[in-house]
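Taking it in order: structure first as structure tokens, then the write-up.
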Amino acid sequence: MSHTVPSHPQMDVQIERKFVPKQKDLGEDVNWAQINKDVLRSLEKPRPAFWIIFFSALALFSFGVYCEVYQYQTGMGVSDLNNPQVWGLYIATFIFWIGMGHSGTLLSALLHIIHADWRKPIYRYSEAMTTFTLMTAALFVLVHMGRLWQFYYVVAYPNERWVWPNFTSPLVWDATAIGTYLTSSLLFLYMGMIPDLAICRDNAKGARRALYKFLSLGWQGTDRQWGNFKVAYMTMACFLMPLAVSVHSIVSTDFAVSQNPGWHVTSFPPYFVLGALYSGCSGIITLFIVLRYVFRFEAYMTQPILNKLIKMTFAIAMVWTYLDLIEYATTWYGSDEVARQDLVYRATGDYALQFWGMIFCAMVMPFTLLIRFVRQNYVVLLIISLILNVGMWLERFQIITPTFAKSHYPWTWTAGWWPSWVQWGIVAGSFGWFTMLFMLYCKIFPSVSMYEVKEMVHEQNMHDKLHGAQAPAHQTALGAIPEMNGGKI
Amino acid sequence: MSLSNLIKNWSNFRTRRPYEGQYDDSPYKWAMVIDLDSCIGCNACTVACYAENNLPVVGKERFGKGHAMHWIRIERYWGEGETLETEFPERGAQYLPMLCQQCEAAPCEPVCPVGATHHSPDGLNTQVYNRCVGSRYCSANCPYKVRYFNWWNYPERAWPNPLELQLNPDVTVRSKGVMEKCTFCMQRLRAGMDKAKTDGRILADGEVVTACAQACPTSAITFGNLADKNSKVAKMWKTQQVDLAKNVQEKTEDGIRGYRILEDLNTYPSIVYLERLRNMAS
Amino acid sequence: MSMGNMDRRDFLRVLGISGAAATLAGCGNTAIESGVEEVMSYVQPQDFVVPGIGVFYASTCTQCGSGCGIMGKVREGRVLKLEGNPESAISAGKICGLGQAAVQAHYNPDRLRTPMMRSEGGLIPVSWDKATQMLEQRLGPTSTLKGDQIAFLTGDISGHQRVLLENFLESYDSTHHVLYDAISRVTGQAASKAVLGAEQPLLNIDKARLILSFGNDFLGAGVSPVHMAAQYAKFRKAPRGTLIQIEPRMTLTGGNADRWYPIKPGTEGILALGIAHDLLQHEEFAKGVPDEVHALVKQYDQASVSEITGIGADAVHLIAGQLWNNSPSLVIAGPGAEGHAYGFSNVVAIQLLNVILANRGKTIEGQAEHPFPQLAPLQGGYRALAKLHEQMASGQCQALLIHGTNPVFTSPSNLPFADSMEKVPFKVAFVTHLDETAGNCDLVLPLLSAMEDFGTHVADYQPNGVELMVQQPLMEKLYPESRGFGDILLDILKKRKPDSYTAFPDYYSYIKTAVVKAKPVFKVTDSDDHFWEDALRKGVIKWEGKPTALEAKLSLLEVPKPRGLEADYPFYFVPSVRPDMRDGRHAYLPWLQESPETMTTIVWDSWVEIHPKTAAEMQIREGDVLVVQSATGSVRAVAYIFPGIQPDTVSMPLGQGHTQLGRFATGVGVNPYKILDPVFDAHTGELALHATRVTLRKTGENQNVVKDEGPTNFQNGHKLVATLDADQAKLSKEI
């Protein structure tokens with residue numbers, strides 16, 4: 001199992017199994033000392049783009065807070081939601097954010113379990129992304145509530161009257177699933193950071209040192225600690241995998257248990273999970289490019305890794321497309337006349353632009369990933385990854401709005417319903433909130449896993465050694481750092 | 001629902017409603033019959049509901065946004081298909097008083113995260129305002145769209161002084177963020193049932209009626225106790241061959257008018273509509 | 001509790017011990033008749049006043065002239081809700097939306113709370129002392145007003161209010177009581193009177209096998225909708241009767257018809273002649289019909305009738321055939337047929353059908369004779385107002401008193417009533433709400449609401465015998481500065497004729513005395529007090545009365561000449577009367593504003609109804625803002641595409657477009673009264689409401705039409721409102 005301690009007896013076997021990459025995931029010049037130096041620098045002095053992004057996000061978030069306060073004070077009516085259109089952008093964006101949260105776990109847990117080492121430089125921020133997207137999604141649960149101040153009724157807490165939430169409600173399943181997933185993801189993220197926090201602790205001063213010291217839980221890097229850590233980490237990874245699958249499956253039951261046209265679909269759980277992975281992977285690509293530039297992670301976030309990520313995204317996109325198309329097919333050939341009408345309405349009605357936008361962004365655009373130029377040009381790729389997520393957001397919009405606009409009861413159909421600025425403001429604010437939290441995280445915590453990249457470098461070197469390449473002379477022992485960045489952190 | 005209660009009565013929670021004989025032991029099961037051949041679409045029921053149940057008047061702008069709060073609304077259709085086949089609606093308009101159908105297998109009930117809407121022992125689909133958090137899931141799931149959400153703090157503007165003096169003290173004035181719906185005039189039923197209980201009897205047929213049924217100038221709305229086999233409403237259900245616990249009604253002969261709306265969704269509504277009649281030879 | 005008595009709920013006691021008791025329902029009440037304030041404590045309340053328990057008092061609805069008996073639920077001194085009074089033959093325990101909204105008139109935030117007096121161009125609130133001073137100065141014993149110098153303009157009025165008002169005028173040697181109702185039925189009544197000998201015949205809807213209605217919205221804005229709706233429900237039970245409605249714009253009643261025919265406005269009489277033509281082919285109908293009728297009717301064969309009316313020749317034959325097969329039938333004329341230059345002739349032609357079909361004495365009879373004709377309801381229309389207008393404009397009128405009507409709002413633009421009002425030196429309005437007419441007055445007096453005042457009423461339409469409807473306060477008055485109409489008149493009368501009126505401390509004692517005095521007529525042997533208390537408790541005093549026979553005078557039959565369209569004005573304009581707004585006096589009631597107009601489901605607005613075919617030709621979409629232009633003016637409103645309208649016709653609802661009348665009425669919609677052409681009925685001289693011609697102009701603007709209906713008004717294949725052929729139904733087996 002372990003592949004961290006160079007002298008471990010199983011090591012050889014493992015290396016034997018390893019696929020020999022045509023192009024190495026990391027550059028030749030990456031060494032352990034350099035890793036610490038580069039990563040710790042990201043905690044210190046990012047490019048000015050960081051501050052631009054951060055303050056833009058803060059501004060967006062502030063506007064979102066303003067909208068929410070306005071809505072809270074005045075009533076949900078300011079959102080222009082109405083009798084059939086009860087959910088609007090809030091639930092659409094809620095699903096979007098939950099979905100975004102899925103790939104982080106996929107990358108960190110699934111790829112960890114199957115020993116796909118290329119995940120190592122990028123899993124940390126993906127996990128952070130998961131955590132923060134879940135926190136953002138949880139916001140929407142609150143935002144859409146008519147009586148936000150009574151939100152705790154949804155939670156099963158002991159109370160003197162023994163009043164419980166309604167366990168048959170998918171919303172309670174939601175709350176439970178998201179709560180569990182958020183807690184686990186946070187724990188998983190934190191756990192994986194402990195060795196790195198210790199490095200930070202050793203290099204920091206003042207308040208930051210106290211913080212890292214507190215958080216690193218006395219990590220010394222002993223064999224026993226590493227052993228326990230590895231077992232715990234793998235256990236957690238194994239626990240998270242089914243959890244991640246269940247969360248979006250449960251979110252899909254919000255719709256699938258209902259009889260509303262376009263919701264009453266058996267394939268919803270896998271469809272939602274795949275959609276989630278899809279948007280999550282696109283999100284990871286977006287953040288890959290952003291972090292690579294902002295924190296100067298060029299040496300770690302390399303073209304080969306990105307290439308693998310893109311391949312995975314493309315594969316997921318294709319599966320998702322398949323599931324989406326079979327949903328249409330089963331509806332079209334099914335016996336539910338109302339659902340068929342709803343499908344036609346989606347494609348030709350008031351929200352046809354959004355529908356075809358979704359088809360274009362989420363089904364057609366992935367094919368551009370087959371073009372090498374696109375894969376290698378960061379700016380183009382950044383734009384495409386954003387477009388994919390726009391497509392996925394539109395997909396969520398597609399699920400909610402047209403269904404309400406043309407449900408079973410014709411008298412309450414709506415024509416051309418559109419959300420108010422308050423809804424848009426809160427949605428924009430959620431993007432601000434997420435970006436703000438994420439950027440803050442990257443500024444305070446190492447967003448590239450130092451110890452695991454070191455493992456990767458080590459394994460690459462071992463591989464080279466076995467295959468005749470020379471290990472860099474300045475390779476030192478794990479955790480030892482020759483240069484300390486002046487101890488400024 | 002305490003935890004022990006929950007475990008003990010788990011089978012009850014899992015029982016598919018409704019079932020034959022569900023109300024055999026219950027003194028009450030409230031139900032309605034609306035004769036669409038008698039309904040003239042005059043809106044008297046709507047106004048009666050506003051008066052009885054403290055429904056707020058929302059004004060033009062909010063009405064236009066779909067924020068109207070009419071628990072009972074008169075729908076006016078021109079036809080059953082998708083277009084009018086003739087140049088004029090030769091057979092008149094099709095009026096439909098639509099209110100909460102008090103479904104026995106209500107799609108709104110299982111999805112409420114906090115159990116604010118639940119089935120009462122006398123067969124009503126009730127809404128507990130205090131408990132409601134406003135997730136609107138019930139409304140999203142309601143096939144009839146007869147649940148109304150308090151999008152605004154209506155009491156602020158709906159009853160400028162002294163209009164608030166008209167408010168019915170027996171009915172809560174709902175604040176913003178809660179869902180509300182037709183209660184079958186719960187407050188009237190409650191008062192009546194309590195009185196009957198004090199007298200040691202069950203309510204007589206017609207002793208308590210809903211505000212809409214009371215006002216209806218053509219008596220198109222019949223309200224009563226389905227559990228009482230001698231009540232008018234129970235007899236009407238029987239004559240119309242509608243069984244509460246069935247989702248497909250088998251009729252012994254043609255020309256029996258009773259039906260329930262969107263029955264194919266397995267909601268088991270408590271309101272039977274009687275088909276509108278037209279002399280097609282005229 | 002018997003099955004047959006299910007509308008009566010005995011757990012809610014119907015009370016009404018006396019006028020005093022009626023008001024003693026809470027703390028700190030005033031006994032109206034004594035003027036003494038009494039504090040009632042809940043520690044020792046009246047035995048029927050229980051906190052938390054509502055009690056019912058009987059009264060009479062004054063929202064329209066139907067005179068329905070109502071019951072007000074009173075709790076802790078407040079009236080909360082109105083229900084129908086089962087004692088009343090008119091409402092029989094039922095109530096319409098308009099009636100229920102009376103509580104909102106009572107609690108309306110825009111009610112007038114103090115007297116207002118004109119000063120420096122505006123009305124300012126004054127005390128009653130000052131108002132009384134002015135009244136006395138102008139109208140008191142020293143007043144020199146005489147005869148037609150004083151005019152009392154009222155709407156529909158009956159009962160002791162009417163008697164007192166006439167006595168009041170008499171004290172000035174005047175009989176100048178001008179009655180004006182904007183949507184009056186004067187033409188129809190005159191025609192009915194001429195043919196049948198009764199202004200408003202008794203219609204036995206429940207006994208008819210077939211009803212042929214020419215534009216009579218008897219279920220909606222008719223003469224007694226609650227009563228007729230109940231009769232209609234019986235009519236629809238086995239053996240189910242058939243309703244055929246013929247009108248240019250589908251009314252609520254038209255929406256309930258088995259067969260609805262759109263007709264070119266004004267040609268109703270010709271269609272009736274065409275049907276008569278068909279019927280008179282048969283020997284059994286032809287006998288007894290005068291020769292001149294035969295001669296006249298002969299011209300109207302199916303082809304020519306079809307050409308004029310726009311109704312297919314086979315349809316004319318079909319209708320005639322059904323009338324023939326379904327006896328007894330009932331043919332009703334309504335405002336749709338009356339409101340034309342030859343409206344009188346239309347109605348005469350329509351009533352001819354009742355005569356031919358021998359419906360007299362079966363489905364159409366005369367109302368029972370009223371033992372007190374001085375209490376009978378009075379109605380007036382445009383001609384009376386126009387005459388008053390001329391008198392005012394010529395300076396002949398020195399004092400104008402207005403109650404229960406709003407001519408400044410409802411008069412068409414050819415009759416600028418506000419202008420002539422300026423010529424009158426002293427104008428007094430008796431109102432509960434400051435309306436457009438009151439806004440032009442010199443003195444505006446705040447009246448008690450219908451929930452606070454006493455009164456007696458006689459209904460416009462008496463279904464069953466004759467009833468005197470008693471109105472009593474349901475609660476203590478809300479505003480100490482408001483007073484009853486009768487009380488104000490009585491006060492002035494007491495000053496002018498102290499000998500006759502000092503015996504009555506107030507209006508309550510006046511009507512009580514008057515009603516009790518009439519006890520022998522009611523054949524009651526109870527004590528006076530018991531009789532009176534019983535009247536208050538039941539809200540109605542009944543006489544035995546038998547329907548009277550109708551005559552049949554067909555000599556007036558003539559050929560109606562419908563007004564055609566002109567190139568400049570290519571559309572007929574049919575103003576529709578909403579069952580809830582009526583002539584517009586109820587526009588300040590928020591429940592009614594928010595209650596969707598049944599046919600269109602539009603709320604809080606005015607709109608223009610256009611047939612889809614016409615709309616397509618003119619490329620008009622729903623929500624397009626249109627200018628509706630007639631020869632006398634124009635209004636702007638949104639278009640609503642409406643299939644229930646004759647394609648050459650556009651329709652707008654009356655009642656909106658107030659400039660005064662409180663926050664709920666002002667700024668809502670437009671006032672189509674102001675674009676009515678000055679076309680008058682050839683016989684009665686009344687304004688022909690349906691005879692206007694208009695043209696439409698698109699403004700290019702489009703607005704959201706605020707309505708309950710969604711983007712579709714079809715059932716999308718679901719079984720929502722299912723329709724069954726009446727032949728297949730087994731109504732007789734139903735319960």
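By convention here, the chains of the structure tokens are called A, B, ... in the order presented, each chain's residues are numbered starting at 1, and ligands are numbered starting at 1 in the order presented.
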
For range 95-111 of chain A, find every residue with an atom within 6 Å (counting only C-alpha atoms), except residues of its own chain fewer than 3 positions away, and show them as a PyMOL selection string. chain A and resi 92+114-116+123+126-127+130+133-134+137+237+276-277+279-281+393

Using only C-alpha atoms, determine which residues lie at most 8 Å from Thr302 in chain A, disregarding the query and same-chain residues fewer than 2 positions distant; provide the list as a list in words.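 Counting only C-alpha atoms, the residues come to Asp25, Leu26, Gly27, Glu298, Ala299, Tyr300, Pro304, Ile305 and Leu306 of chain A.
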
Could you find all residues in range 174-257 of chain B that DSSP calls strand (DSSP E) from the backbone, and write them as a list in words? Met179, Glu180, Lys181, Ile221, Thr222, Phe223, Gly224 and Asn225 of chain B

Any chance you can output those residues with C-alpha atoms as a PDB file, in the first residue's frame?
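This went into out.pdb:
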```
ATOM      1  CA  MET B 179     -47.373  28.324   2.903  1.00  0.00           C
ATOM      2  CA  GLU B 180     -51.131  28.376   3.216  1.00  0.00           C
ATOM      3  CA  LYS B 181     -54.067  26.709   1.567  1.00  0.00           C
ATOM      4  CA  ILE B 221     -70.975  22.908  -3.425  1.00  0.00           C
ATOM      5  CA  THR B 222     -72.036  20.158  -1.050  1.00  0.00           C
ATOM      6  CA  PHE B 223     -69.863  19.692   1.975  1.00  0.00           C
ATOM      7  CA  GLY B 224     -70.130  17.018   4.579  1.00  0.00           C
ATOM      8  CA  ASN B 225     -68.930  14.025   6.465  1.00  0.00           C
TER       9      ASN B 225
END
```

In terms of the shortest atom-to-atom distance over only C-alpha atoms, which of A:Thr412, A:Thr331, A:Ser42, A:Ser447 is closest to chain C? A:Thr412

Could you give me, as a PyMOL selection string, the residues within 10 Å of Lys234 in chain C, counting only C-alpha atoms and dropping anything in the same chain fewer than 6 positions from it? (chain B and resi 38+218-219) or (chain C and resi 205-207+228+240-241)

Keeping only N, CA, C and O atoms, write the selected residues as a PDB file, in the first residue's frame.
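Just written: again-v9.pdb:
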```
ATOM      1  N   SER B  38     -74.206  23.073 -11.892  1.00  0.00           N
ATOM      2  CA  SER B  38     -74.859  24.135 -11.127  1.00  0.00           C
ATOM      3  C   SER B  38     -73.966  25.353 -10.980  1.00  0.00           C
ATOM      4  O   SER B  38     -74.452  26.461 -10.841  1.00  0.00           O
ATOM      5  N   THR B 218     -76.106  28.811  -5.936  1.00  0.00           N
ATOM      6  CA  THR B 218     -76.783  27.700  -6.598  1.00  0.00           C
ATOM      7  C   THR B 218     -76.605  26.402  -5.826  1.00  0.00           C
ATOM      8  O   THR B 218     -76.980  25.344  -6.312  1.00  0.00           O
ATOM      9  N   SER B 219     -76.013  26.481  -4.649  1.00  0.00           N
ATOM     10  CA  SER B 219     -75.740  25.290  -3.833  1.00  0.00           C
ATOM     11  C   SER B 219     -74.994  24.230  -4.636  1.00  0.00           C
ATOM     12  O   SER B 219     -75.253  23.037  -4.517  1.00  0.00           O
TER      13      SER B 219
ATOM     14  N   ILE C 205     -88.197  30.867 -13.342  1.00  0.00           N
ATOM     15  CA  ILE C 205     -87.109  30.186 -14.040  1.00  0.00           C
ATOM     16  C   ILE C 205     -87.159  28.687 -13.794  1.00  0.00           C
ATOM     17  O   ILE C 205     -86.962  27.882 -14.703  1.00  0.00           O
ATOM     18  N   ASP C 206     -87.442  28.324 -12.550  1.00  0.00           N
ATOM     19  CA  ASP C 206     -87.396  26.895 -12.207  1.00  0.00           C
ATOM     20  C   ASP C 206     -88.477  26.085 -12.899  1.00  0.00           C
ATOM     21  O   ASP C 206     -88.358  24.881 -13.030  1.00  0.00           O
ATOM     22  N   LYS C 207     -89.529  26.780 -13.338  1.00  0.00           N
ATOM     23  CA  LYS C 207     -90.616  26.032 -13.964  1.00  0.00           C
ATOM     24  C   LYS C 207     -90.428  25.896 -15.470  1.00  0.00           C
ATOM     25  O   LYS C 207     -91.141  25.136 -16.123  1.00  0.00           O
ATOM     26  N   MET C 228     -82.256  34.393  -8.467  1.00  0.00           N
ATOM     27  CA  MET C 228     -82.374  33.738  -9.764  1.00  0.00           C
ATOM     28  C   MET C 228     -81.368  32.603  -9.908  1.00  0.00           C
ATOM     29  O   MET C 228     -81.638  31.613 -10.583  1.00  0.00           O
ATOM     30  N   ARG C 240     -84.055  18.456 -16.679  1.00  0.00           N
ATOM     31  CA  ARG C 240     -83.148  19.589 -16.855  1.00  0.00           C
ATOM     32  C   ARG C 240     -83.608  20.512 -17.979  1.00  0.00           C
ATOM     33  O   ARG C 240     -83.855  20.084 -19.099  1.00  0.00           O
ATOM     34  N   GLY C 241     -83.735  21.790 -17.647  1.00  0.00           N
ATOM     35  CA  GLY C 241     -84.112  22.784 -18.645  1.00  0.00           C
ATOM     36  C   GLY C 241     -82.909  23.221 -19.468  1.00  0.00           C
ATOM     37  O   GLY C 241     -81.765  23.036 -19.077  1.00  0.00           O
TER      38      GLY C 241
END
```

Between chain C and chain A, at 10 Å or less, what are the per-residue closest atom pairs and their distances in Å? Count only C-alpha atoms, order by chain and rising residue number, and return it as JSON lines.
```
{"residue": "C:Asp708", "atom": "CA", "partner": "A:Trp411", "partner_atom": "CA", "distance": 8.3}
{"residue": "C:Glu709", "atom": "CA", "partner": "A:Trp411", "partner_atom": "CA", "distance": 6.1}
{"residue": "C:Gly710", "atom": "CA", "partner": "A:Trp413", "partner_atom": "CA", "distance": 5.4}
{"residue": "C:Pro711", "atom": "CA", "partner": "A:Ala415", "partner_atom": "CA", "distance": 5.8}
{"residue": "C:Thr712", "atom": "CA", "partner": "A:Pro410", "partner_atom": "CA", "distance": 6.6}
{"residue": "C:Asn713", "atom": "CA", "partner": "A:Trp411", "partner_atom": "CA", "distance": 6.7}
{"residue": "C:Phe714", "atom": "CA", "partner": "A:Pro410", "partner_atom": "CA", "distance": 7.2}
{"residue": "C:Gln715", "atom": "CA", "partner": "A:Pro410", "partner_atom": "CA", "distance": 6.2}
{"residue": "C:Asn716", "atom": "CA", "partner": "A:Pro410", "partner_atom": "CA", "distance": 6.5}
{"residue": "C:Gly717", "atom": "CA", "partner": "A:Glu337", "partner_atom": "CA", "distance": 9.3}
{"residue": "C:His718", "atom": "CA", "partner": "A:His408", "partner_atom": "CA", "distance": 8.4}
{"residue": "C:Leu720", "atom": "CA", "partner": "A:Tyr409", "partner_atom": "CA", "distance": 9.0}
```

Selection file, N, CA, C and O atoms, as a PDB file, in the first residue's frame:
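File produced: selection31.pdb:
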```pdb
ATOM      1  N   ASP C 708     -56.011  36.126 -13.698  1.00  0.00           N
ATOM      2  CA  ASP C 708     -55.740  34.868 -13.026  1.00  0.00           C
ATOM      3  C   ASP C 708     -55.401  33.776 -14.030  1.00  0.00           C
ATOM      4  O   ASP C 708     -54.639  32.866 -13.743  1.00  0.00           O
ATOM      5  N   GLU C 709     -55.973  33.899 -15.193  1.00  0.00           N
ATOM      6  CA  GLU C 709     -55.754  32.908 -16.246  1.00  0.00           C
ATOM      7  C   GLU C 709     -54.275  32.895 -16.650  1.00  0.00           C
ATOM      8  O   GLU C 709     -53.630  33.929 -16.687  1.00  0.00           O
ATOM      9  N   GLY C 710     -53.790  31.714 -16.959  1.00  0.00           N
ATOM     10  CA  GLY C 710     -52.414  31.603 -17.417  1.00  0.00           C
ATOM     11  C   GLY C 710     -52.320  31.751 -18.917  1.00  0.00           C
ATOM     12  O   GLY C 710     -53.236  32.269 -19.547  1.00  0.00           O
ATOM     13  N   PRO C 711     -51.228  31.274 -19.504  1.00  0.00           N
ATOM     14  CA  PRO C 711     -51.068  31.420 -20.950  1.00  0.00           C
ATOM     15  C   PRO C 711     -52.043  30.566 -21.764  1.00  0.00           C
ATOM     16  O   PRO C 711     -52.158  30.749 -22.948  1.00  0.00           O
ATOM     17  N   THR C 712     -52.704  29.629 -21.111  1.00  0.00           N
ATOM     18  CA  THR C 712     -53.685  28.847 -21.871  1.00  0.00           C
ATOM     19  C   THR C 712     -55.016  28.894 -21.153  1.00  0.00           C
ATOM     20  O   THR C 712     -55.070  29.078 -19.944  1.00  0.00           O
ATOM     21  N   ASN C 713     -56.109  28.748 -21.910  1.00  0.00           N
ATOM     22  CA  ASN C 713     -57.394  28.609 -21.251  1.00  0.00           C
ATOM     23  C   ASN C 713     -58.084  27.359 -21.756  1.00  0.00           C
ATOM     24  O   ASN C 713     -59.294  27.286 -21.862  1.00  0.00           O
ATOM     25  N   PHE C 714     -57.262  26.355 -22.058  1.00  0.00           N
ATOM     26  CA  PHE C 714     -57.780  25.049 -22.434  1.00  0.00           C
ATOM     27  C   PHE C 714     -57.269  24.024 -21.441  1.00  0.00           C
ATOM     28  O   PHE C 714     -56.313  24.269 -20.716  1.00  0.00           O
ATOM     29  N   GLN C 715     -57.918  22.862 -21.466  1.00  0.00           N
ATOM     30  CA  GLN C 715     -57.633  21.899 -20.402  1.00  0.00           C
ATOM     31  C   GLN C 715     -56.496  20.958 -20.723  1.00  0.00           C
ATOM     32  O   GLN C 715     -56.166  20.076 -19.932  1.00  0.00           O
ATOM     33  N   ASN C 716     -55.911  21.129 -21.885  1.00  0.00           N
ATOM     34  CA  ASN C 716     -54.714  20.376 -22.235  1.00  0.00           C
ATOM     35  C   ASN C 716     -54.949  18.864 -22.146  1.00  0.00           C
ATOM     36  O   ASN C 716     -54.077  18.114 -21.741  1.00  0.00           O
ATOM     37  N   GLY C 717     -56.147  18.459 -22.502  1.00  0.00           N
ATOM     38  CA  GLY C 717     -56.415  17.025 -22.543  1.00  0.00           C
ATOM     39  C   GLY C 717     -56.743  16.385 -21.209  1.00  0.00           C
ATOM     40  O   GLY C 717     -57.094  15.220 -21.154  1.00  0.00           O
ATOM     41  N   HIS C 718     -56.615  17.138 -20.111  1.00  0.00           N
ATOM     42  CA  HIS C 718     -56.978  16.569 -18.817  1.00  0.00           C
ATOM     43  C   HIS C 718     -58.481  16.646 -18.623  1.00  0.00           C
ATOM     44  O   HIS C 718     -59.152  17.487 -19.201  1.00  0.00           O
ATOM     45  N   LEU C 720     -60.584  18.109 -16.537  1.00  0.00           N
ATOM     46  CA  LEU C 720     -60.739  19.100 -15.464  1.00  0.00           C
ATOM     47  C   LEU C 720     -62.211  19.485 -15.346  1.00  0.00           C
ATOM     48  O   LEU C 720     -62.838  19.262 -14.325  1.00  0.00           O
TER      49      LEU C 720
END
```

So that I can check the surroundings of range 285-297 of chain A, please list as a list in words every protein, DNA and RNA residue that reaches within 8 Å of it, counting only C-alpha atoms and ignoring chain neighbours fewer than 3 positions away.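 In the requested format, the answer is Asp38, Val39, Arg41, Ser42, Pro46, Arg47, Pro48, Ala49, Phe50, Ile122, Cys281, Ser282, Tyr300, Met301, Leu306, Leu309, Ile310, Tyr378, Leu381, Leu382, Ser385 and Leu386 of chain A.
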
Counting only C-alpha atoms, what is within 6 Å of Ser270 in chain B, bar same-chain residues fewer than 4 positions away, as a PDB file with C-alpha atoms, in the first residue's frame?
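As written to disk, part-v5.pdb reads:
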```
ATOM      1  CA  ALA B  31     -65.399  15.659   1.738  1.00  0.00           C
ATOM      2  CA  GLN B 101     -58.505  18.771  -3.070  1.00  0.00           C
ATOM      3  CA  GLN B 102     -57.599  17.492   0.421  1.00  0.00           C
ATOM      4  CA  CYS B 103     -56.009  14.466  -1.229  1.00  0.00           C
TER       5      CYS B 103
END
```

Return the single residue from B:Ser4, B:Gln249, B:Gln166, B:Thr198 that is closest to chain C, with distances computed using only C-alpha atoms.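 Closest to chain C, using only C-alpha atoms: B:Gln166.
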